[in-house]
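Student: Sharing a structure below in structure tokens format, with a few things to ask.
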Amino acid sequence: MICTFDAPRAFAWVWGDSLVRWEIEREGAGVRLRFAHIGMKPELLAGLTAGWQRFLDQLETHLDGVARPDRFQELEKRYAEELPKRL
């Protein structure tokens, strides 16, 4: 369910039991993208975090035109090891 749609500044939706929010704001000659995924279940945290980082890497690849390797499995493993230490 979409809960915020303020094009082109903000977009948020409910995804399962969580909330995903994107915001874009001007910063100097460019823009800043702010992203939040709130309310993730702890057992899904490593996979979702790795997935979002993978997605943002792919977005950067698209915008820059520079190929980057798919690091999902590496990221998921690293997050699974590191996140419990921080929670």
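In the structure tokens, chains take the letters A, B, ... in the order shown, each chain's residues start at 1, and ligands count up from 1 in the order shown.
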Give one line per residue of region 4-63 of chain A that approaches region 71-76 of chain A to at most 6 Å, naming the two atoms of the closest pair and their distance in Å to one decimal, counting only C-alpha atoms; sort by chain then ascending residue number and deliver it as JSON lines.

Tutor:
{"residue": "A:Ala46", "atom": "CA", "partner": "A:Glu76", "partner_atom": "CA", "distance": 5.4}
{"residue": "A:Gly47", "atom": "CA", "partner": "A:Glu76", "partner_atom": "CA", "distance": 5.4}
{"residue": "A:Ala50", "atom": "CA", "partner": "A:Glu76", "partner_atom": "CA", "distance": 5.0}
{"residue": "A:Arg54", "atom": "CA", "partner": "A:Phe72", "partner_atom": "CA", "distance": 5.9}

Student: Could those selected residues go to a file with N, CA, C and O atoms, as a compact mmCIF listing (two decimals), in the first residue's frame?

Tutor:
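The new file part.txt reads:
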# COMPACT_ATOMS: atom_id res chain seq x y z
N ALA A 46 19.59 -9.39 7.31
CA ALA A 46 20.81 -9.55 6.49
C ALA A 46 20.47 -9.63 5.01
O ALA A 46 21.10 -8.96 4.18
N GLY A 47 19.46 -10.42 4.65
CA GLY A 47 19.09 -10.58 3.25
C GLY A 47 18.51 -9.31 2.65
O GLY A 47 18.85 -8.93 1.52
N ALA A 50 21.36 -6.65 2.34
CA ALA A 50 22.22 -6.99 1.19
C ALA A 50 21.48 -6.73 -0.13
O ALA A 50 22.07 -6.23 -1.09
N ARG A 54 22.61 -4.16 -2.98
CA ARG A 54 22.77 -4.65 -4.35
C ARG A 54 21.97 -3.77 -5.32
O ARG A 54 22.46 -3.38 -6.38

Student: Residues within 10 Å of region 38-41 of chain A, please, as a list in words. Count only C-alpha atoms; anything in the same chain fewer than 5 positions from it doesn't count.

Tutor: Val14, Trp15, Gly16, Asp17, Ser18, Leu19, Val20, Arg21, Ala46, Leu48 and Thr49 of chain A

Student: Taking the chain letters and numbering used in this document, name the residues of chain A that DSSP puts in helix (DSSP H, G or I), as a ChimeraX atom specification.

Tutor: /A:42-64,72-86

Student: List the spatial neighbours of Cys3 (chain A) as a PDB file with N, CA and C atoms, in the first residue's frame - criterion: any atom at most 9 Å away, only C-alpha atoms, same-chain residues fewer than 4 positions off excluded.

Tutor:
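What ended up in around.pdb:
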ATOM      1  N   PHE A  11       8.447   9.126  -1.823  1.00  0.00           N
ATOM      2  CA  PHE A  11       7.620   7.971  -2.148  1.00  0.00           C
ATOM      3  C   PHE A  11       7.806   6.959  -1.025  1.00  0.00           C
ATOM      4  N   ALA A  12       6.708   6.488  -0.447  1.00  0.00           N
ATOM      5  CA  ALA A  12       6.788   5.496   0.630  1.00  0.00           C
ATOM      6  C   ALA A  12       5.653   4.504   0.479  1.00  0.00           C
ATOM      7  N   TRP A  13       5.932   3.274   0.886  1.00  0.00           N
ATOM      8  CA  TRP A  13       4.905   2.250   0.831  1.00  0.00           C
ATOM      9  C   TRP A  13       5.113   1.241   1.947  1.00  0.00           C
ATOM     10  N   VAL A  14       4.037   0.578   2.300  1.00  0.00           N
ATOM     11  CA  VAL A  14       4.081  -0.492   3.279  1.00  0.00           C
ATOM     12  C   VAL A  14       4.412  -1.767   2.527  1.00  0.00           C
TER      13      VAL A  14
END

Student: If I take CA of Arg32 (chain A) and CA of Ala7 (chain A), how far is one from the other in Å, to one decimal?

Tutor: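 Taking CA of Arg32 (chain A) as the start and CA of Ala7 (chain A) as the end point, the length is 14.8 Å.
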